[in-house]
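J.: Data: upload.txt, compact mmCIF, C-alpha atoms.
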```txt
# COMPACT_ATOMS: atom_id res chain seq x y z
CA MET Y 27 -22.12 -33.71 -51.50
CA GLN Y 28 -20.13 -33.05 -48.44
CA PRO Y 29 -20.61 -29.64 -46.92
CA ARG Y 30 -17.73 -27.35 -47.52
CA GLY Y 31 -15.91 -26.55 -44.38
CA ARG Y 32 -12.53 -25.51 -43.42
CA TYR Y 33 -10.63 -26.19 -40.31
CA VAL Y 34 -7.32 -24.92 -39.28
CA LYS Y 35 -4.68 -27.34 -38.25
CA LEU Y 36 -2.36 -25.93 -35.63
CA ASN Y 37 1.26 -26.84 -35.95
CA ALA Y 38 3.98 -27.20 -33.31
CA VAL Y 39 4.87 -23.52 -33.40
CA ASP Y 40 1.30 -22.57 -32.51
CA TYR Y 41 1.19 -24.98 -29.58
CA ILE Y 42 4.48 -23.61 -28.27
CA LEU Y 43 3.13 -20.07 -28.48
CA ILE Y 44 -0.13 -20.99 -26.75
CA VAL Y 45 1.74 -22.68 -23.89
CA SER Y 46 4.04 -19.65 -23.59
CA LEU Y 47 1.02 -17.34 -23.43
CA VAL Y 48 -0.51 -19.39 -20.62
CA LEU Y 49 2.78 -19.41 -18.68
CA LEU Y 50 3.07 -15.66 -19.15
CA LEU Y 51 -0.41 -15.12 -17.74
CA LEU Y 52 0.43 -17.35 -14.77
CA THR Y 53 3.30 -15.05 -13.75
CA LEU Y 54 0.75 -12.47 -12.62
CA PRO Y 55 -0.75 -14.40 -9.68
CA ILE Y 56 2.64 -15.89 -8.78
CA ARG Y 57 4.15 -12.41 -8.64
CA GLY Y 58 1.22 -11.28 -6.54
CA ILE Y 59 1.71 -14.14 -4.08
CA LEU Y 60 5.46 -13.44 -3.75
CA TYR Y 61 4.83 -9.72 -3.20
CA PHE Y 62 2.22 -10.51 -0.54
CA ARG Y 63 4.54 -12.88 1.27
CA ASN Y 64 7.37 -10.38 1.21
CA THR Y 65 5.29 -7.61 2.73
CA THR Y 66 3.62 -9.68 5.42
CA GLU Y 67 6.50 -11.81 6.63
CA SER Y 68 6.20 -11.71 10.40
CA HIS Y 69 6.42 -13.70 13.58
CA ALA Y 70 3.76 -14.01 16.28
CA CYS Y 71 3.90 -11.85 19.38
CA GLU Y 72 1.73 -10.03 21.92
CA ALA Y 73 1.42 -6.34 22.63
CA SER Y 74 0.03 -4.11 25.31
CA VAL Y 75 -1.93 -1.34 23.63
CA GLU Y 76 -3.27 1.91 25.06
CA PHE Y 77 -5.62 4.33 23.37
CA VAL Y 78 -7.43 7.45 24.54
CA ILE Y 79 -10.82 8.88 23.67
CA ARG Y 80 -10.60 12.61 24.16
CA ARG Y 81 -13.19 15.24 25.07
CA VAL Y 82 -15.83 12.92 26.42
CA ASP Y 83 -18.72 14.44 28.37
CA GLU Y 84 -19.69 13.16 31.81
CA ALA Y 85 -22.64 11.12 30.66
CA THR Y 86 -20.56 9.32 28.05
CA VAL Y 87 -17.78 8.67 30.58
CA GLY Y 88 -20.28 6.74 32.65
CA THR Y 89 -21.36 4.73 29.61
CA LEU Y 90 -17.77 3.95 28.66
CA GLN Y 91 -16.94 2.71 32.13
CA MET Y 92 -19.86 0.33 32.26
CA GLY Y 93 -20.99 -2.40 29.97
CA ASP Y 94 -19.40 -5.47 28.48
CA ALA Y 95 -19.64 -4.46 24.85
CA SER Y 96 -16.33 -4.50 23.00
CA PHE Y 97 -14.94 -1.86 20.69
CA CYS Y 98 -15.05 -2.61 16.97
CA MET Y 99 -12.53 -1.37 14.47
CA PRO Y 100 -13.54 0.26 11.15
CA ASP Y 101 -13.13 -3.05 9.33
CA GLY Y 102 -15.46 -4.80 11.78
CA ALA Y 103 -12.80 -6.61 13.80
CA THR Y 104 -13.52 -6.69 17.54
CA LEU Y 105 -10.83 -5.54 19.94
CA PRO Y 106 -10.00 -7.77 22.89
CA GLN Y 107 -11.66 -6.83 26.18
CA THR Y 108 -10.49 -3.31 27.11
CA LYS Y 109 -10.30 -1.81 30.57
CA VAL Y 110 -10.31 1.80 31.60
CA SER Y 111 -6.85 2.71 32.87
CA LYS Y 112 -7.22 6.44 33.49
CA ILE Y 113 -9.82 9.20 33.37
CA ALA Y 114 -8.43 12.72 33.32
CA HIS Y 115 -9.90 16.14 32.76
CA THR Y 116 -9.29 17.32 29.21
CA VAL Y 117 -6.70 20.06 29.06
CA GLU Y 118 -7.53 22.88 26.67
CA TYR Y 119 -4.83 25.27 25.52
CA VAL Y 120 -5.90 28.87 25.26
CA PRO Y 121 -3.91 32.11 24.98
CA ASN Y 122 -3.80 34.33 28.03
CA GLU Y 123 -3.71 38.10 28.02
CA ASP Y 124 -0.05 38.13 26.97
CA GLY Y 125 -0.67 35.65 24.18
CA ASP Y 126 1.13 32.77 25.92
CA MET Y 127 -0.64 29.41 25.61
CA GLU Y 128 -1.95 28.15 28.91
CA GLY Y 129 -3.26 24.69 29.66
CA LEU Y 130 -6.58 24.82 31.49
CA GLU Y 131 -8.38 21.78 32.80
CA SER Y 132 -11.94 21.47 31.66
CA SER Y 133 -14.51 20.63 34.32
CA THR Y 134 -17.03 19.12 31.94
CA VAL Y 135 -15.06 16.97 29.47
CA TYR Y 136 -12.63 14.16 30.06
CA ASP Y 137 -9.98 12.05 28.35
CA VAL Y 138 -10.60 8.36 28.92
CA HIS Y 139 -7.65 5.98 28.54
CA PHE Y 140 -8.14 2.29 27.71
CA THR Y 141 -5.68 -0.59 27.63
CA PHE Y 142 -5.85 -4.09 26.24
CA ARG Y 143 -3.51 -6.97 25.43
CA ALA Y 144 -3.63 -8.14 21.87
CA GLU Y 145 -2.21 -11.06 19.99
CA GLY Y 146 -0.59 -10.26 16.72
CA ALA Y 147 2.68 -10.36 14.89
CA ARG Y 148 5.76 -8.25 14.35
CA ALA Y 149 6.26 -7.43 10.67
CA LYS Y 150 9.66 -7.50 9.00
CA ASP Y 151 9.87 -3.70 9.35
CA GLY Y 152 9.19 -3.86 13.10
CA THR Y 153 5.57 -2.68 13.04
CA PHE Y 154 3.04 -4.48 15.20
CA LEU Y 155 0.37 -6.31 13.21
CA LEU Y 156 -2.85 -6.46 15.22
CA PHE Y 157 -4.51 -9.86 14.73
CA GLY Y 158 -1.58 -10.69 12.47
CA SER Y 159 -2.64 -8.46 9.60
CA ARG Y 160 -3.45 -4.88 10.57
CA ARG Y 161 -0.56 -2.49 11.14
CA LEU Y 162 -0.90 -0.44 14.32
CA SER Y 163 1.49 2.29 15.44
CA VAL Y 164 1.59 5.07 18.01
CA GLY Y 165 -0.18 8.16 16.68
CA GLU Y 166 -2.81 6.17 14.82
CA SER Y 167 -6.29 7.71 14.99
CA LEU Y 168 -9.17 5.29 14.40
CA LEU Y 169 -12.95 5.50 14.59
CA LEU Y 170 -14.00 2.77 17.01
CA SER Y 171 -17.61 1.82 17.51
CA ARG Y 172 -19.30 0.38 20.58
CA ALA Y 173 -22.97 -0.13 21.32
CA SER Y 174 -24.20 2.01 18.42
CA HIS Y 175 -21.82 4.86 19.23
CA SER Y 176 -18.58 5.73 17.54
CA TYR Y 177 -15.57 7.34 19.12
CA THR Y 178 -12.32 8.72 17.74
CA ALA Y 179 -9.51 6.87 19.49
CA ASP Y 180 -5.89 7.97 19.50
CA PHE Y 181 -3.44 5.12 20.00
CA VAL Y 182 -0.76 6.41 22.37
CA SER Y 183 1.19 3.29 23.22
CA VAL Y 184 1.93 -0.05 21.52
CA GLN Y 185 4.39 -2.10 23.58
CA ILE Y 186 5.38 -5.37 21.97
CA SER Y 187 6.36 -8.04 24.47
CA MET I 9 -7.11 -27.24 -57.89
CA ALA I 10 -5.63 -29.37 -55.15
CA ASN I 11 -2.41 -27.34 -55.33
CA LYS I 12 -4.35 -24.10 -55.04
CA GLN I 13 -6.28 -25.39 -52.01
CA SER I 14 -3.04 -26.58 -50.43
CA ARG I 15 -1.47 -23.16 -50.98
CA VAL I 16 -4.50 -21.42 -49.47
CA ASP I 17 -4.29 -23.69 -46.44
CA ARG I 18 -0.58 -22.95 -46.03
CA ILE I 19 -1.29 -19.20 -46.15
CA ALA I 20 -4.03 -19.61 -43.54
CA VAL I 21 -1.72 -21.58 -41.26
CA THR I 22 1.04 -18.97 -41.70
CA CYS I 23 -1.39 -16.16 -40.80
CA ILE I 24 -2.45 -18.00 -37.66
CA ASN I 25 1.20 -18.45 -36.69
CA ALA I 26 1.78 -14.75 -37.21
CA PHE I 27 -1.31 -13.93 -35.15
CA PHE I 28 -0.09 -15.98 -32.20
CA VAL I 29 3.37 -14.46 -32.44
CA PHE I 30 1.85 -10.97 -32.46
CA LEU I 31 -0.41 -11.83 -29.52
CA PHE I 32 2.51 -13.20 -27.57
CA ILE I 33 4.66 -10.12 -28.14
CA ALA I 34 1.78 -7.76 -27.36
CA LEU I 35 0.92 -9.55 -24.11
CA ALA I 36 4.57 -9.69 -23.06
CA CYS I 37 4.88 -5.94 -23.61
CA VAL I 38 1.68 -5.20 -21.68
CA LEU I 39 2.73 -7.39 -18.76
CA PHE I 40 6.22 -5.97 -18.63
CA TYR I 41 5.38 -2.28 -18.86
CA ALA I 42 1.92 -2.06 -17.29
CA ALA I 43 1.55 -4.96 -14.91
CA LYS I 44 5.02 -5.25 -13.42
CA PRO I 45 5.36 -4.19 -9.77
CA ARG I 46 6.50 -0.60 -9.84
CA GLY I 47 10.00 -0.09 -8.68
CA ILE I 48 11.36 -3.07 -10.46
CA LEU I 49 13.79 -0.76 -12.23
CA ARG I 50 17.24 -0.55 -10.74
CA PRO I 51 17.48 2.67 -8.68
CA ASP I 52 19.52 5.27 -10.47
CA THR I 53 20.24 7.55 -7.52
CA THR I 54 20.50 7.73 -3.75
CA LEU I 55 18.91 10.56 -1.87
CA THR I 56 17.83 11.86 1.49
CA TYR I 57 14.54 13.58 1.97
CA THR I 58 13.15 15.51 4.91
CA VAL I 59 9.59 15.26 6.18
CA THR I 60 8.19 17.69 8.74
CA PHE I 61 5.29 16.81 11.02
CA LYS I 62 3.78 19.85 12.70
CA THR I 63 2.05 20.05 16.07
CA ILE I 64 2.07 16.45 17.14
CA ARG I 65 1.87 15.23 20.71
CA THR I 66 5.24 14.89 22.43
CA GLU I 67 4.55 11.35 23.62
CA TYR I 68 4.15 10.14 20.02
CA THR I 69 7.83 10.83 19.33
CA ALA I 70 9.17 8.90 22.30
CA ASP I 71 10.03 5.72 20.44
CA ILE I 72 11.48 6.87 17.12
CA HIS I 73 14.97 5.60 16.38
CA GLU I 74 17.63 6.08 13.75
CA GLY I 75 17.57 3.13 11.40
CA ASP I 76 13.80 2.67 11.64
CA THR I 77 12.20 1.42 8.46
CA VAL I 78 9.95 4.00 6.82
CA LEU I 79 6.82 2.78 5.06
CA ASP I 80 4.33 4.59 2.88
CA ALA I 81 1.32 4.37 5.23
CA VAL I 82 -1.13 3.88 2.38
CA GLY I 83 0.70 1.59 -0.04
CA LYS I 84 2.80 -0.14 2.65
CA ARG I 85 5.91 0.10 0.50
CA GLU I 86 9.28 0.54 2.12
CA ILE I 87 10.51 4.01 1.18
CA GLY I 88 13.69 4.39 3.15
CA ARG I 89 15.30 4.37 6.57
CA VAL I 90 15.53 7.09 9.19
CA VAL I 91 19.04 8.56 9.33
CA SER I 92 18.25 11.31 11.81
CA TYR I 93 15.36 13.12 13.43
CA THR I 94 14.86 16.31 15.42
CA VAL I 95 12.12 17.28 17.83
CA ALA I 96 11.51 20.96 18.39
CA PRO I 97 8.79 22.75 20.37
CA ALA I 98 5.69 23.36 18.31
CA MET I 99 5.06 27.04 17.77
CA THR I 100 1.80 28.82 17.14
CA GLU I 101 0.69 32.38 16.59
CA THR I 102 -1.56 34.05 19.14
CA TYR I 103 -2.83 37.51 19.90
CA SER I 104 -1.55 39.43 22.89
CA ARG I 105 -4.28 41.71 24.15
CA ARG I 106 -1.84 43.48 26.42
CA GLU I 107 0.52 44.41 23.61
CA ASN I 108 -2.12 44.45 20.86
CA ARG I 109 0.02 42.41 18.50
CA LEU I 110 0.50 38.88 17.19
CA ARG I 111 3.11 36.75 18.95
CA THR I 112 4.69 33.44 18.11
CA VAL I 113 4.57 31.26 21.21
CA GLN I 114 5.22 27.64 22.11
CA TYR I 115 2.29 25.24 21.97
CA PRO I 116 2.40 23.15 25.16
CA GLU I 117 2.92 19.37 25.05
CA HIS I 118 3.27 19.39 21.28
CA VAL I 119 6.32 19.30 19.08
CA THR I 120 7.42 19.62 15.49
CA LEU I 121 9.09 16.44 14.30
CA THR I 122 11.54 16.50 11.41
CA LEU I 123 12.62 13.19 9.93
CA THR I 124 15.52 12.74 7.54
CA VAL I 125 15.16 9.59 5.48
CA HIS I 126 17.69 7.86 3.25
CA ALA I 127 16.45 5.94 0.20
CA ASN I 128 17.38 4.61 -3.23
CA ALA I 129 15.21 6.16 -5.91
CA ASN I 130 14.60 6.63 -9.60
CA ARG I 131 14.32 10.05 -11.19
CA GLU I 132 10.77 10.50 -12.48
CA GLY I 133 9.84 13.69 -14.22
CA VAL I 134 10.44 16.61 -11.86
CA GLY I 135 10.47 14.34 -8.79
CA TYR I 136 11.53 10.88 -7.78
CA SER I 137 10.07 7.42 -7.43
CA ILE I 138 10.97 5.16 -4.50
CA SER I 139 9.71 1.63 -5.14
CA GLY I 140 6.84 3.14 -7.06
CA PHE I 141 6.10 5.80 -4.44
CA SER I 142 6.12 9.25 -5.98
CA LEU I 143 8.17 11.83 -4.07
CA ILE I 144 8.31 15.53 -4.75
CA GLY I 145 8.99 18.57 -2.60
CA GLY I 146 5.87 19.98 -0.93
CA LYS I 147 3.93 16.74 -1.11
CA LYS I 148 1.95 15.55 1.94
CA ILE I 149 3.25 12.13 2.81
CA PRO I 150 1.56 9.67 5.18
CA LEU I 151 4.42 7.76 6.77
CA ARG I 152 4.53 4.81 9.11
CA LEU I 153 7.47 3.87 11.29
CA PRO I 154 7.45 0.88 13.65
CA ASN I 155 6.41 3.14 16.54
CA PHE I 156 4.91 6.19 14.85
CA VAL I 157 2.44 7.07 12.13
CA GLY I 158 1.55 10.49 10.81
CA THR I 159 1.23 12.75 7.80
CA GLY I 160 3.98 15.24 7.13
CA VAL I 161 5.18 17.46 4.34
CA CYS I 162 8.28 16.75 2.28
CA THR I 163 10.36 19.89 2.75
CA ALA I 164 13.66 18.91 1.12
CA ILE I 165 15.15 16.32 -1.23
CA THR I 166 18.91 16.01 -1.70
CA GLU I 167 20.61 13.64 -4.10
CA ILE I 168 23.69 12.01 -2.65
CA ALA I 169 24.90 10.00 -5.65
```
For the file at hand, write its structure as structure tokens.

T.:
Amino acid sequence: MQPRGRYVKLNAVDYILIVSLVLLLLTLPIRGILYFRNTTESHACEASVEFVIRRVDEATVGTLQMGDASFCMPDGATLPQTKVSKIAHTVEYVPNEDGDMEGLESSTVYDVHFTFRAEGARAKDGTFLLFGSRRLSVGESLLLSRASHSYTADFVSVQIS
Amino acid sequence: MANKQSRVDRIAVTCINAFFVFLFIALACVLFYAAKPRGILRPDTTLTYTVTFKTIRTEYTADIHEGDTVLDAVGKREIGRVVSYTVAPAMTETYSRRENRLRTVQYPEHVTLTLTVHANANREGVGYSISGFSLIGGKKIPLRLPNFVGTGVCTAITEIA
């Protein structure tokens, strides 16, 4: 006696629906790819970038001036070789007796300015893309690390050439 | 007996057809309403909104231009274009020991930046949506322009059409 069993035979309508389902699911990655391309359309360029590390004590200034270690960004990317462009006394703003804010130069802490040239790209909206992918604009504040120390860096100039 | 079996098989095949049709419609609805990129809807209004950035360094505002593309700094969506901007001295409140009162004085080397941005938007609840970016008065908005990035507060929204 043959074992009882049932099987379902799919007809043309079912195959059409299955193919349509698969095509529908494929629209998701295609849409994702198109969106990605639209937001990252860019052309290659170079930029001269300046950032400043503020309120650095004298011992740290010496460390920052020496050494060959490069700065690393929060995502681990290494910045091109930087050079110290300016060291200035930090200016602190305090109210005087009349309440007016006065800028006074500190004698113990400094602002250290660094510059570097970076390869990247200019995005469709005009923003500079460092290494072709990371947007970088004036006013950006990033935590950079170097030789087991981290520093808050303010990006003050991004000149695309 | 054979007729009964044949009828049972036809019912089974019909149910499977219905199942696939239901699955197709359900998936199409899910993909259209939940998975579509936000902002796919045609904008139903045009507006200008104002964002105020308080106490930012003067040099950060040096390269802002009318017509600059404005991006949401987090989602990287385009959310308008700059139509105008104003830079005013940053003010702060300090205590005057001489007069024994609080005074509002200028904060040196810092300014208050006010950007007016033009965008197409959709009305969404009590606020608006610009390409999926939610906009409402009083909201802190991280914005990125080609040569500036910062977080400001939306202080006004005006519908134009």

J.: Please determine the contact residues of chain I with respect to chain Y at a cut-off of 9 Å, counting only C-alpha atoms, and supply them as a ChimeraX atom specification.

T.: /I:17,20-21,24-25,28-29,31-32,35-36,39,43-45,64-65,67-69,71,76-79,84-86,100-107,109-116,152-158

J.: Please, which residues are within 8 Å of (-2.1, -12.0, 23.4) by the file's coordinates, counting all atoms listed in the file, and could they come as a ChimeraX atom specification?

T.: /Y:71-73,143-146

J.: Select, from Y:Tyr136, Y:Tyr177, Y:Phe157, Y:Phe142, the residue with the minimum atom-to-atom distance to Ser74 in chain Y, counting all atoms listed in the file.

T.: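 Among the listed residues, Y:Phe142 lies closest to Ser74 in chain Y.
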
J.: What's the 12 Å shell around Lys109 in chain Y, counting all atoms listed in the file, without same-chain residues fewer than 4 positions away, as a VMD selection string?

T.: chain Y and resid 74 to 78 90 to 97 105 113 138 to 143

J.: Near range 117-127 of chain I, counting only C-alpha atoms, which residues have an atom at most 7 Å away, once you skip same-chain residues fewer than 5 positions from it, shown as number ranges by chain?

T.: I: 54-66, 87-98

J.: Go ahead and save the picked residues with C-alpha atoms, as an mmCIF file, keeping the file's coordinate frame.

T.:
```cif
data_model
loop_
_atom_site.group_PDB
_atom_site.id
_atom_site.type_symbol
_atom_site.label_atom_id
_atom_site.label_comp_id
_atom_site.auth_asym_id
_atom_site.auth_seq_id
_atom_site.Cartn_x
_atom_site.Cartn_y
_atom_site.Cartn_z
ATOM 1 C CA THR I 54 20.500 7.730 -3.750
ATOM 2 C CA LEU I 55 18.910 10.560 -1.870
ATOM 3 C CA THR I 56 17.830 11.860 1.490
ATOM 4 C CA TYR I 57 14.540 13.580 1.970
ATOM 5 C CA THR I 58 13.150 15.510 4.910
ATOM 6 C CA VAL I 59 9.590 15.260 6.180
ATOM 7 C CA THR I 60 8.190 17.690 8.740
ATOM 8 C CA PHE I 61 5.290 16.810 11.020
ATOM 9 C CA LYS I 62 3.780 19.850 12.700
ATOM 10 C CA THR I 63 2.050 20.050 16.070
ATOM 11 C CA ILE I 64 2.070 16.450 17.140
ATOM 12 C CA ARG I 65 1.870 15.230 20.710
ATOM 13 C CA THR I 66 5.240 14.890 22.430
ATOM 14 C CA ILE I 87 10.510 4.010 1.180
ATOM 15 C CA GLY I 88 13.690 4.390 3.150
ATOM 16 C CA ARG I 89 15.300 4.370 6.570
ATOM 17 C CA VAL I 90 15.530 7.090 9.190
ATOM 18 C CA VAL I 91 19.040 8.560 9.330
ATOM 19 C CA SER I 92 18.250 11.310 11.810
ATOM 20 C CA TYR I 93 15.360 13.120 13.430
ATOM 21 C CA THR I 94 14.860 16.310 15.420
ATOM 22 C CA VAL I 95 12.120 17.280 17.830
ATOM 23 C CA ALA I 96 11.510 20.960 18.390
ATOM 24 C CA PRO I 97 8.790 22.750 20.370
ATOM 25 C CA ALA I 98 5.690 23.360 18.310
#
```

J.: Please measure the separation of CA of Ser159 in chain Y and CA of Val161 in chain I, giving the value in Å to one decimal.

T.: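 That distance, rounded to one decimal, is 27.6 Å.
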
J.: Just to confirm, what's the straight-line distance from CA of Pro106 in chain Y to CA of Gly88 in chain Y in Å (one decimal)?

T.: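 Computing it gives 20.3 Å between the two atoms.
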
J.: Could you work out how far CA of Leu170 in chain Y lies from CA of Gly160 in chain I, giving the answer in Å with one decimal?

T.: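 Distance between the two atoms: 24.0 Å.
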
J.: Fewer than 2 positions away in the same chain doesn't count, so skip those; otherwise give me all residues within 10 Å of Ser142 in chain I, counting only C-alpha atoms, as a PyMOL selection string.

T.: chain I and resi 87+129-132+135-140+144+147+149

J.: Of the candidates Y:Ser111, Y:Val45, Y:Gly158, Y:Ala147, which one gets nearest to Ile79 in chain Y if we count all atoms listed in the file?

T.: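 Nearest to Ile79 in chain Y: Y:Ser111.
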
J.: Given all atoms listed in the file as the basis, pick out the residue of Y:Val82, Y:Cys98, Y:Leu49, Y:Ile186 nearest to Ser132 in chain Y.

T.: Y:Val82

J.: Any chance you could build range 54-68 of chain I out to N, CA and C atoms and write it as a compact mmCIF listing (two decimals), in the frame of the given file?

T.:
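File written: result.txt
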```txt
# COMPACT_ATOMS: atom_id res chain seq x y z
N THR I 54 20.72 7.85 -5.19
CA THR I 54 20.50 7.73 -3.75
C THR I 54 20.21 9.12 -3.23
N LEU I 55 19.26 9.23 -2.35
CA LEU I 55 18.91 10.56 -1.87
C LEU I 55 18.50 10.53 -0.40
N THR I 56 18.45 11.69 0.18
CA THR I 56 17.83 11.86 1.49
C THR I 56 16.71 12.88 1.33
N TYR I 57 15.63 12.62 2.01
CA TYR I 57 14.54 13.58 1.97
C TYR I 57 14.07 13.86 3.40
N THR I 58 13.54 15.06 3.58
CA THR I 58 13.15 15.51 4.91
C THR I 58 11.63 15.66 4.95
N VAL I 59 11.03 15.15 5.99
CA VAL I 59 9.59 15.26 6.18
C VAL I 59 9.33 15.93 7.52
N THR I 60 8.49 16.94 7.51
CA THR I 60 8.19 17.69 8.74
C THR I 60 6.75 17.42 9.16
N PHE I 61 6.62 17.04 10.42
CA PHE I 61 5.29 16.81 11.02
C PHE I 61 5.05 17.92 12.03
N LYS I 62 4.00 18.70 11.82
CA LYS I 62 3.78 19.85 12.70
C LYS I 62 2.74 19.52 13.77
N THR I 63 2.99 20.10 14.94
CA THR I 63 2.05 20.05 16.07
C THR I 63 1.54 18.63 16.33
N ILE I 64 2.47 17.79 16.72
CA ILE I 64 2.07 16.45 17.14
C ILE I 64 2.41 16.28 18.62
N ARG I 65 1.70 15.41 19.27
CA ARG I 65 1.87 15.23 20.71
C ARG I 65 3.28 14.71 21.02
N THR I 66 3.86 15.25 22.07
CA THR I 66 5.24 14.89 22.43
C THR I 66 5.40 13.39 22.66
N GLU I 67 4.39 12.78 23.28
CA GLU I 67 4.55 11.35 23.62
C GLU I 67 4.62 10.47 22.37
N TYR I 68 4.14 10.97 21.23
CA TYR I 68 4.15 10.14 20.02
C TYR I 68 5.57 9.98 19.48
```
